[in-house]
Amino acid sequence: MSAAGMRCPACGSTNIVDDDLYSQAQLVCVDCGSVVSEGVLANDPVGGSDVSFSRTTAVAKRPCANLIKGELLPSKGSFPLLLQCNSVLLLVHFLKCICFTPTGQQRVKAICRILMVNREIEDLSHTYYKMAYEHKAFLKVSLQKKDILTGCCVLVSCRQLNWPITVGTISCLLDADSMVVGAIYQEMVKNLSIEAPIINVTDVIEAHCHEYKISSLDVPEELAENSRELTKRAVALVELAADSWIVTGRKPIPIMMAATYLAWQSLKPNKHRLKFSLDKFCQVAKVKKLKSAMTRVAEIKEVLCKLGKEIPWVRETVTPDNVIQLVECILQNRYALLRRAMRTHEDALLEESQASCAEAPPESSSQISECADQTPITSFVKQNGSNSDGKEKPGDADYNPRVLPEHSGTQESQNPPQNWGKRVLFAPPCVIHAKKRRAEQPEHTDVTGDEEISDSEIDSYIRTPQEARDFALMQQMLSLSDSAKS
């Protein structure tokens, strides 16, 4: 079946047929075999003919198809004017002027209505989309990129007007990859010279907590929790995770899920909540569990245990099973407990380094002091405000647990440690779980393959008479056993 009125752009032939061999039909030139049209998944979809995402607006200042096509959306105030049209031509012209709205603006409006933002954010999103659409950097791009551009305009408008929203939410609404959305967002902000504030994970955790259906209307009373109290406790746990490097380089959603789960357990640590696993909690709250959320729960519990051991009035051993009951006390005194835990850990490392130097047979007393001074652990302890006796210095009150240690160059360069993150109490995840670097193999430049083989090496490959007799006897026994089996 040939397509009438079409001409091949490669050879100019009109012999074009519809090749429906695959699931998506193609218009192919019979003479040269060129694909004239990529085809569409629907021949005549609702609202007019569909446009392939691969088509671009290659011509400058030429409106692309998603701006031209639209649908009839007359406003309420336009109906009295429609009744005054006394001719068909005037009516058609009037409809063209007032009823056709751009598809891109419709997408911006739809996203704003789904997110239920205020009118100011919606108007700002439309303004940014118009600016981006007419910018020269977005003229010769695919319609798929312009479709993502609508969500990026809503995202930057929400961030500027302090409306909590993440890139993952926009990616879900657009059904696009979050990496692609992030790249287009950065490109749009750069080209339009927009100053967009950076959103912290604590800014969006309130909206995240509202997604959990754990109010008294949804779950039993012993499992119900107030959203405001849950948000306050979850924010405190996320801030503690940030102080202990857990948030660094991590995706925010699993961290917020882990903090919400631990906050829900710690607000009323009764037997009903403590026996709930993360899987069961997500089922009750009607949210989808993320795979890495359980790992974040274990990491936050580990930090809580390190701080819970420093509480003076706690006599029992703090474990991940009973640390939930101490969360409120830990969060109220977290800065003092962080300093105390770091000081205790540094004193333990200092004693360990001094003990290791004392066990080694020194030649003189000066060598002992030199060994203690050159130990990386000791230098780390001295740098963070503790003297050799482990006493607190005046500046120790302002100690920041997120400050990384600086190692001295001479001893470290000669004998570099395997992983300094194992020696400190809190370290970034990329340091604690560092990737093993491939060891460089020395190149054997003296081996070419043309070397002569010595006679002794040749003799080592030749069987001795005894080995030859043993080998023949073994072959004979194997053949007898095979014949017996047959």
# chains A, B, ... in the order shown; residues from 1 in each chain; ligands from 1
$ residues_around --residues "Pro220 (chain A)" --least-positions-apart "3" --cutoff "12 Å" --atoms "only C-alpha atoms" --output "PyMOL selection string"
chain A and resi 213-217+223-225+272-273+284-285
$ residues_around --residues "region 319-322 of chain A" --least-positions-apart "3" --cutoff "10 Å" --atoms "only C-alpha atoms" --output "PyMOL selection string"
chain A and resi 269+274+298+300-306+308-309+316+325-327
$ write_last_selection --atoms "all heavy atoms" --output "compact mmCIF listing (two decimals), in the first residue's frame"
# COMPACT_ATOMS: atom_id res chain seq x y z
N PRO A 269 7.95 3.83 72.11
CA PRO A 269 8.64 2.54 71.97
C PRO A 269 7.97 1.42 72.75
O PRO A 269 8.55 0.85 73.69
CB PRO A 269 10.05 2.85 72.49
CG PRO A 269 9.86 3.97 73.45
CD PRO A 269 8.71 4.78 72.92
N LEU A 274 7.95 -1.86 68.43
CA LEU A 274 9.31 -2.40 68.36
C LEU A 274 9.38 -3.69 67.57
O LEU A 274 10.44 -4.01 67.01
CB LEU A 274 9.86 -2.60 69.78
CG LEU A 274 10.11 -1.32 70.60
CD1 LEU A 274 10.61 -1.68 71.98
CD2 LEU A 274 11.10 -0.42 69.89
N ALA A 298 20.24 0.53 59.58
CA ALA A 298 21.34 -0.07 60.33
C ALA A 298 22.45 0.93 60.61
O ALA A 298 23.05 0.94 61.71
CB ALA A 298 21.90 -1.27 59.55
N ILE A 300 22.14 4.28 60.91
CA ILE A 300 21.69 5.23 61.92
C ILE A 300 21.66 4.58 63.30
O ILE A 300 22.03 5.20 64.31
CB ILE A 300 20.31 5.80 61.54
CG1 ILE A 300 20.40 6.60 60.23
CG2 ILE A 300 19.76 6.69 62.65
CD1 ILE A 300 19.05 7.11 59.74
N LYS A 301 21.25 3.33 63.37
CA LYS A 301 21.26 2.62 64.65
C LYS A 301 22.68 2.47 65.18
O LYS A 301 22.92 2.54 66.40
CB LYS A 301 20.61 1.25 64.50
CG LYS A 301 19.09 1.27 64.55
CD LYS A 301 18.54 -0.14 64.58
CE LYS A 301 17.03 -0.15 64.76
NZ LYS A 301 16.50 -1.52 64.84
N GLU A 302 23.63 2.26 64.29
CA GLU A 302 25.02 2.14 64.72
C GLU A 302 25.52 3.44 65.34
O GLU A 302 26.22 3.44 66.36
CB GLU A 302 25.89 1.75 63.52
CG GLU A 302 27.36 1.53 63.87
CD GLU A 302 28.18 1.17 62.66
OE1 GLU A 302 27.60 1.05 61.56
OE2 GLU A 302 29.41 1.02 62.81
N VAL A 303 25.17 4.57 64.74
CA VAL A 303 25.55 5.87 65.31
C VAL A 303 24.86 6.08 66.65
O VAL A 303 25.48 6.57 67.61
CB VAL A 303 25.20 6.99 64.31
CG1 VAL A 303 25.43 8.36 64.95
CG2 VAL A 303 26.03 6.86 63.05
N LEU A 304 23.58 5.72 66.74
CA LEU A 304 22.87 5.87 68.00
C LEU A 304 23.49 5.03 69.10
O LEU A 304 23.56 5.45 70.27
CB LEU A 304 21.39 5.50 67.81
CG LEU A 304 20.56 6.44 66.94
CD1 LEU A 304 19.18 5.86 66.69
CD2 LEU A 304 20.43 7.82 67.58
N CYS A 305 23.97 3.85 68.75
CA CYS A 305 24.62 3.00 69.76
C CYS A 305 25.93 3.61 70.24
O CYS A 305 26.26 3.56 71.44
CB CYS A 305 24.88 1.61 69.18
SG CYS A 305 23.39 0.61 68.93
N LYS A 306 26.69 4.21 69.33
CA LYS A 306 27.95 4.84 69.73
C LYS A 306 27.71 6.00 70.68
O LYS A 306 28.50 6.22 71.61
CB LYS A 306 28.70 5.32 68.49
CG LYS A 306 29.22 4.19 67.61
CD LYS A 306 29.92 4.74 66.38
CE LYS A 306 30.43 3.61 65.49
NZ LYS A 306 31.09 4.13 64.25
N GLY A 308 24.83 6.35 72.50
CA GLY A 308 24.14 5.86 73.70
C GLY A 308 25.09 5.29 74.74
O GLY A 308 24.79 5.33 75.94
N LYS A 309 26.24 4.77 74.29
CA LYS A 309 27.22 4.24 75.25
C LYS A 309 27.85 5.34 76.09
O LYS A 309 28.44 5.05 77.15
CB LYS A 309 28.30 3.48 74.50
CG LYS A 309 27.80 2.23 73.80
CD LYS A 309 28.90 1.58 72.99
CE LYS A 309 28.38 0.35 72.25
NZ LYS A 309 29.43 -0.27 71.39
N GLU A 316 23.23 -0.51 81.36
CA GLU A 316 23.17 -1.72 80.55
C GLU A 316 23.89 -1.51 79.22
O GLU A 316 24.14 -0.37 78.80
CB GLU A 316 21.71 -2.11 80.29
CG GLU A 316 20.91 -1.03 79.58
CD GLU A 316 19.47 -1.45 79.38
OE1 GLU A 316 19.11 -2.56 79.79
OE2 GLU A 316 18.72 -0.63 78.81
N GLN A 325 14.85 2.98 72.61
CA GLN A 325 14.31 3.59 73.82
C GLN A 325 15.14 4.78 74.31
O GLN A 325 14.67 5.55 75.14
CB GLN A 325 14.21 2.53 74.93
CG GLN A 325 13.35 1.34 74.54
CD GLN A 325 13.38 0.23 75.57
OE1 GLN A 325 14.07 0.35 76.57
NE2 GLN A 325 12.63 -0.84 75.33
N LEU A 326 16.36 4.93 73.78
CA LEU A 326 17.24 6.02 74.20
C LEU A 326 17.32 7.13 73.16
O LEU A 326 18.13 8.06 73.32
CB LEU A 326 18.66 5.48 74.47
CG LEU A 326 18.79 4.35 75.49
CD1 LEU A 326 20.22 3.85 75.52
CD2 LEU A 326 18.36 4.82 76.86
N VAL A 327 16.53 7.05 72.10
CA VAL A 327 16.65 8.01 71.00
C VAL A 327 16.34 9.43 71.48
O VAL A 327 17.04 10.39 71.13
CB VAL A 327 15.72 7.60 69.84
CG1 VAL A 327 15.62 8.72 68.82
CG2 VAL A 327 16.24 6.34 69.18
$ closest_residue --among "A:Met474, A:Leu350, A:Ala468, A:Val424" --to "Ser244 (chain A)" --atoms "only C-alpha atoms"
A:Val424
$ atom_distance --atom1 "CA of Ile198 (chain A)" --atom2 "CA of His126 (chain A)"
21.4 Å
$ closest_residue --among "A:Arg119, A:Leu174, A:Leu139, A:Arg463" --to "Ser157 (chain A)" --atoms "only C-alpha atoms"
A:Arg119
$ closest_residue --among "A:Lys136, A:Lys146, A:His208, A:Arg113" --to "Pro252 (chain A)" --atoms "only C-alpha atoms"
A:His208
$ select_by_dssp --residues "region 257-345 of chain A" --states "helix (DSSP H, G or I)" --output "PyMOL selection string"
chain A and resi 257-267+271-274+278-285+293-308+323-332+334-345
